[in-house]
Amino acid sequence: MKHYLSINDIDNLSEWVAEARALKRVPKKHLSLGTEKTICLLFFNNSLRTRLSTQKAAMNLGMDVMVMNFGSEGWALEYGDGTIMDQGTSEHIKEAAQVVSQFCDIVAIRAFAKLEDKTKDEAEEVLNGFAKYTSIPIVNMESSTAHPLQALADAITLEENNSQNKPKVVLSWAPHPKALPHAVGNSFVKMMQLQDADFVITHPKGYELNPEITKGCKIEHDQEKALENADFVYVKNWSSYTDYGKVLVQDSNWMMTAQKLGNAKFMHCLPVRRNVVVEDAVLDGNQSLVIEQANNRTFSAQIVLKKILENL
Ligand code: CP
């Protein structure tokens, strides 16, 4: 594997999940694999879990780690070809990407959707800009449209907690005061399409995710109906995709409650706004998997880095 940019880079999900679980049992088993190799983590946006878990994963493989908050500390980058750079941008992606690739063996990048221009966001200019001008493997730590390290951690968490042949898994939209990107929802949907599960997406009308991604998925606008007999409920907010980047409703009736959850396990990628997205009773109850999910971020990153290192 050269890059890990999306769920499509996983050749066999169940094998990867099994390998990740084996790494979790003996995290430092491959400590020599990354010796004399360096990973550079570039953050254009904030992070807690991704930053610490990816660094931890690299350290478990014996790698050296460099971290840069590019969004606040780096030069403002230009992505357009032939631009006369007499405005706000100071450095072109062509130089920046080539320079970064001299300092490390793998580069991992976080660059969220700006939610201002769908075409620009879907062009993934940061991730694809680096992919175009670097000679080294790239790991997606959440881009405009995808969060594949999160979805792989979610797959590990599902596998660890599932006792059904074909579990019912519900992805439920929840209210949020700010406009959030679609990346987590998109990658969770793509990951669920690789699972043997009864998968249902529920959201208010107007919050349809990219139909190319949800093609073939069951969509139910009645949340109560969608949640019937669920084994796992994954809650996430996203802004409108059709009315791009807009918050259309903040209906608190969509917040996840212990009553609505029933006997299902609760999942969320975190960070989460308590008593807006989900009530305290769910997060503080024993059906919540959110802390385990966050822990599994280390092993999703570690299996990805291991596969890249084996191909260097
Ligand atoms: N879930 C997740 O990606 O968390 P951070 O934004 O804190 O990295």
# chains A, B, ... in the order shown; residues from 1 in each chain; ligands from 1
>>> residues_near_ligand(ligand="ligand 1", cutoff="6 Å", atoms="only C-alpha atoms and all ligand atoms", output="VMD selection string")
chain A and resid 47 to 51 269 to 271
>>> write_last_selection(atoms="C-alpha atoms", output="compact mmCIF listing (two decimals), in the first residue's frame")
# COMPACT_ATOMS: atom_id res chain seq x y z
CA SER A 47 -7.24 17.50 17.16
CA LEU A 48 -6.96 15.52 20.37
CA ARG A 49 -7.47 11.84 19.45
CA THR A 50 -5.95 11.84 15.98
CA ARG A 51 -2.83 13.65 17.09
CA CYS A 269 -16.16 9.56 17.17
CA LEU A 270 -15.72 12.42 19.74
CA PRO A 271 -15.43 15.28 20.51
>>> select_by_dssp(residues="segment 89-249 of chain A", states="alpha helix (DSSP H)", output="PyMOL selection string")
chain A and resi 93-103+118-123+125-133+148-161+183-192+211-214+223-227
>>> residues_around(residues="segment 176-182 of chain A", least_positions_apart="3", cutoff="7 Å", atoms="only C-alpha atoms", output="MDAnalysis selection string")
chainID A and resid 113 115 145 185:186 237:239 245:247 250 276:277
>>> write_last_selection(atoms="C-alpha atoms", output="PDB file, in the first residue's frame")
ATOM      1  CA  ALA A 113     -13.625  20.841   4.597  1.00  0.00           C
ATOM      2  CA  LEU A 115     -17.793  24.104   3.828  1.00  0.00           C
ATOM      3  CA  THR A 145     -14.633  14.280   2.585  1.00  0.00           C
ATOM      4  CA  GLY A 185     -20.396  10.123   8.213  1.00  0.00           C
ATOM      5  CA  ASN A 186     -19.055   9.434   4.694  1.00  0.00           C
ATOM      6  CA  ASN A 237     -23.885  15.623  13.196  1.00  0.00           C
ATOM      7  CA  TRP A 238     -23.172  16.879   9.714  1.00  0.00           C
ATOM      8  CA  SER A 239     -24.290  20.000   7.865  1.00  0.00           C
ATOM      9  CA  GLY A 245     -22.458  23.589   4.587  1.00  0.00           C
ATOM     10  CA  LYS A 246     -25.693  25.049   5.992  1.00  0.00           C
ATOM     11  CA  VAL A 247     -27.302  24.271   9.359  1.00  0.00           C
ATOM     12  CA  GLN A 250     -31.264  22.236  15.251  1.00  0.00           C
ATOM     13  CA  VAL A 276     -26.934  18.700  22.548  1.00  0.00           C
ATOM     14  CA  VAL A 277     -25.861  15.677  20.498  1.00  0.00           C
TER      15      VAL A 277
END
>>> residues_around(residues="Lys94 of chain A", least_positions_apart="6", cutoff="12 Å", atoms="only C-alpha atoms", output="list in words")
Leu77, Glu78, Tyr79, Gly80, Asp81, Gly82, Val100, Ser101, Glu125, Val126, Asn128, Gly129, Phe130, Ala131, Lys132, Tyr133, Thr134 and Ser135 of chain A
>>> write_last_selection(atoms="N, CA and C atoms", output="compact mmCIF listing (two decimals), in the first residue's frame")
# COMPACT_ATOMS: atom_id res chain seq x y z
N LEU A 77 -0.74 28.38 2.30
CA LEU A 77 -0.36 27.72 1.04
C LEU A 77 -1.24 28.12 -0.13
N GLU A 78 -0.62 28.16 -1.28
CA GLU A 78 -1.31 28.37 -2.55
C GLU A 78 -1.40 27.03 -3.27
N TYR A 79 -2.56 26.75 -3.87
CA TYR A 79 -2.76 25.46 -4.54
C TYR A 79 -2.94 25.61 -6.05
N GLY A 80 -3.33 26.79 -6.50
CA GLY A 80 -3.64 26.98 -7.92
C GLY A 80 -2.39 27.01 -8.78
N ASP A 81 -2.51 26.41 -9.98
CA ASP A 81 -1.38 26.46 -10.93
C ASP A 81 -1.35 27.84 -11.60
N GLY A 82 -0.17 28.42 -11.70
CA GLY A 82 -0.02 29.67 -12.45
C GLY A 82 -0.55 30.90 -11.72
N VAL A 100 8.70 19.02 2.61
CA VAL A 100 8.28 18.11 3.70
C VAL A 100 8.77 16.70 3.42
N SER A 101 8.68 16.28 2.17
CA SER A 101 9.02 14.87 1.86
C SER A 101 10.52 14.59 2.00
N GLU A 125 -7.91 19.68 -2.07
CA GLU A 125 -6.69 20.31 -2.59
C GLU A 125 -5.47 20.09 -1.69
N VAL A 126 -5.66 20.00 -0.38
CA VAL A 126 -4.49 19.80 0.49
C VAL A 126 -3.96 18.38 0.32
N ASN A 128 -4.69 16.05 -1.96
CA ASN A 128 -4.28 15.72 -3.34
C ASN A 128 -3.07 16.54 -3.78
N GLY A 129 -2.95 17.75 -3.21
CA GLY A 129 -1.76 18.56 -3.52
C GLY A 129 -0.50 17.88 -3.01
N PHE A 130 -0.57 17.38 -1.79
CA PHE A 130 0.58 16.64 -1.25
C PHE A 130 0.81 15.37 -2.05
N ALA A 131 -0.28 14.67 -2.38
CA ALA A 131 -0.14 13.40 -3.13
C ALA A 131 0.53 13.67 -4.49
N LYS A 132 0.24 14.82 -5.07
CA LYS A 132 0.80 15.14 -6.40
C LYS A 132 2.28 15.48 -6.34
N TYR A 133 2.68 16.17 -5.27
CA TYR A 133 4.05 16.71 -5.28
C TYR A 133 5.03 16.05 -4.29
N THR A 134 4.52 15.07 -3.50
CA THR A 134 5.48 14.37 -2.63
C THR A 134 5.82 13.02 -3.26
N SER A 135 6.94 12.49 -2.84
CA SER A 135 7.35 11.17 -3.32
C SER A 135 7.12 10.12 -2.24
>>> residues_around(residues="segment 154-162 of chain A", least_positions_apart="6", cutoff="9 Å", atoms="only C-alpha atoms", output="VMD selection string")
chain A and resid 13 to 14 16 to 18 20 to 21 188 191 to 192 195 231 to 232 265 267 to 269 289 292 to 294 296 to 297 299 to 300
>>> write_last_selection(atoms="N, CA, C and O atoms", output="short mmCIF file (atom, residue, chain, number, x, y, z; two decimals), in the first residue's frame")
data_model
loop_
_atom_site.label_atom_id
_atom_site.label_comp_id
_atom_site.auth_asym_id
_atom_site.auth_seq_id
_atom_site.Cartn_x
_atom_site.Cartn_y
_atom_site.Cartn_z
N LEU A 13 -11.08 -5.72 4.72
CA LEU A 13 -11.40 -5.08 6.01
C LEU A 13 -11.33 -6.07 7.17
O LEU A 13 -10.75 -5.75 8.21
N SER A 14 -11.90 -7.25 7.01
CA SER A 14 -11.92 -8.17 8.16
C SER A 14 -10.50 -8.60 8.54
O SER A 14 -10.18 -8.75 9.72
N TRP A 16 -7.77 -6.74 8.12
CA TRP A 16 -7.15 -5.57 8.78
C TRP A 16 -7.63 -5.45 10.22
O TRP A 16 -6.84 -5.15 11.13
N VAL A 17 -8.92 -5.66 10.45
CA VAL A 17 -9.48 -5.56 11.80
C VAL A 17 -8.85 -6.63 12.69
O VAL A 17 -8.44 -6.35 13.83
N ALA A 18 -8.72 -7.85 12.17
CA ALA A 18 -8.10 -8.94 12.95
C ALA A 18 -6.65 -8.60 13.27
O ALA A 18 -6.17 -8.79 14.40
N ALA A 20 -5.32 -5.60 13.44
CA ALA A 20 -5.29 -4.47 14.38
C ALA A 20 -5.55 -4.96 15.80
O ALA A 20 -4.92 -4.51 16.76
N ARG A 21 -6.47 -5.92 15.93
CA ARG A 21 -6.77 -6.47 17.26
C ARG A 21 -5.56 -7.24 17.81
O ARG A 21 -5.30 -7.23 19.02
N PHE A 188 -17.85 6.35 7.63
CA PHE A 188 -18.58 5.31 8.36
C PHE A 188 -19.51 4.56 7.39
O PHE A 188 -19.57 3.32 7.42
N MET A 191 -17.45 2.26 5.23
CA MET A 191 -16.99 1.10 6.00
C MET A 191 -18.14 0.12 6.22
O MET A 191 -17.99 -1.09 6.07
N MET A 192 -19.33 0.65 6.52
CA MET A 192 -20.49 -0.24 6.77
C MET A 192 -20.89 -1.00 5.50
O MET A 192 -21.42 -2.10 5.58
N GLN A 195 -19.48 -4.35 5.48
CA GLN A 195 -19.84 -5.23 6.61
C GLN A 195 -21.10 -6.03 6.29
O GLN A 195 -21.96 -5.56 5.55
N ASP A 231 -28.74 -2.75 17.35
CA ASP A 231 -27.67 -3.29 18.20
C ASP A 231 -26.62 -2.22 18.47
O ASP A 231 -26.00 -2.21 19.54
N PHE A 232 -26.36 -1.37 17.48
CA PHE A 232 -25.39 -0.28 17.62
C PHE A 232 -26.01 1.00 17.04
O PHE A 232 -26.62 0.96 15.97
N LYS A 265 -25.77 -0.42 21.80
CA LYS A 265 -24.50 0.19 22.20
C LYS A 265 -24.41 1.55 21.49
O LYS A 265 -24.82 1.68 20.33
N MET A 267 -22.23 4.71 19.93
CA MET A 267 -20.92 5.07 19.35
C MET A 267 -20.91 6.53 18.89
O MET A 267 -21.92 7.05 18.42
N HIS A 268 -19.77 7.16 19.06
CA HIS A 268 -19.55 8.53 18.55
C HIS A 268 -18.04 8.71 18.43
O HIS A 268 -17.28 8.23 19.27
N CYS A 269 -17.60 9.43 17.41
CA CYS A 269 -16.16 9.56 17.17
C CYS A 269 -15.47 10.49 18.17
O CYS A 269 -14.25 10.44 18.33
N LEU A 289 -19.65 3.20 23.99
CA LEU A 289 -18.36 2.64 23.54
C LEU A 289 -17.36 3.73 23.18
O LEU A 289 -16.30 3.43 22.62
N GLU A 292 -13.65 3.39 24.27
CA GLU A 292 -13.01 2.27 23.53
C GLU A 292 -12.73 2.66 22.08
O GLU A 292 -11.70 2.31 21.52
N GLN A 293 -13.70 3.35 21.47
CA GLN A 293 -13.51 3.82 20.09
C GLN A 293 -12.26 4.68 19.98
O GLN A 293 -11.45 4.53 19.07
N ALA A 294 -12.12 5.62 20.94
CA ALA A 294 -10.96 6.52 20.91
C ALA A 294 -9.67 5.72 21.09
O ALA A 294 -8.66 5.98 20.43
N ASN A 296 -9.17 2.69 20.17
CA ASN A 296 -8.92 1.92 18.95
C ASN A 296 -8.33 2.76 17.82
O ASN A 296 -7.85 2.22 16.82
N ARG A 297 -8.34 4.09 17.99
CA ARG A 297 -7.69 4.94 16.99
C ARG A 297 -6.19 4.62 16.91
O ARG A 297 -5.59 4.70 15.84
N PHE A 299 -4.82 1.71 17.21
CA PHE A 299 -4.56 0.47 16.48
C PHE A 299 -5.01 0.54 15.03
O PHE A 299 -4.48 -0.17 14.18
N SER A 300 -5.96 1.42 14.73
CA SER A 300 -6.27 1.65 13.31
C SER A 300 -5.09 2.36 12.66
O SER A 300 -4.65 1.98 11.56
#
>>> closest_residue(among="A:Ile93, A:Leu309, A:Ala226, A:Ala174", to="Trp254 of chain A", atoms="only C-alpha atoms")
A:Ala174
>>> select_by_dssp(residues="segment 23-165 of chain A", states="strand (DSSP E or B)", output="ChimeraX atom specification")
/A:38-43,64-68,77-78,91-92,106-110,138-140
>>> atom_distance(atom1="atom CA of Ala22 of chain A", atom2="atom CA of Asn60 of chain A")
13.3 Å
>>> closest_residue(among="A:Lys168, A:His203, A:Lys260, A:Lys215", to="Val282 of chain A", atoms="only C-alpha atoms")
A:Lys260
>>> closest_residue(among="A:His147, A:His92, A:His30, A:Arg274", to="Ala111 of chain A", atoms="only C-alpha atoms")
A:His147
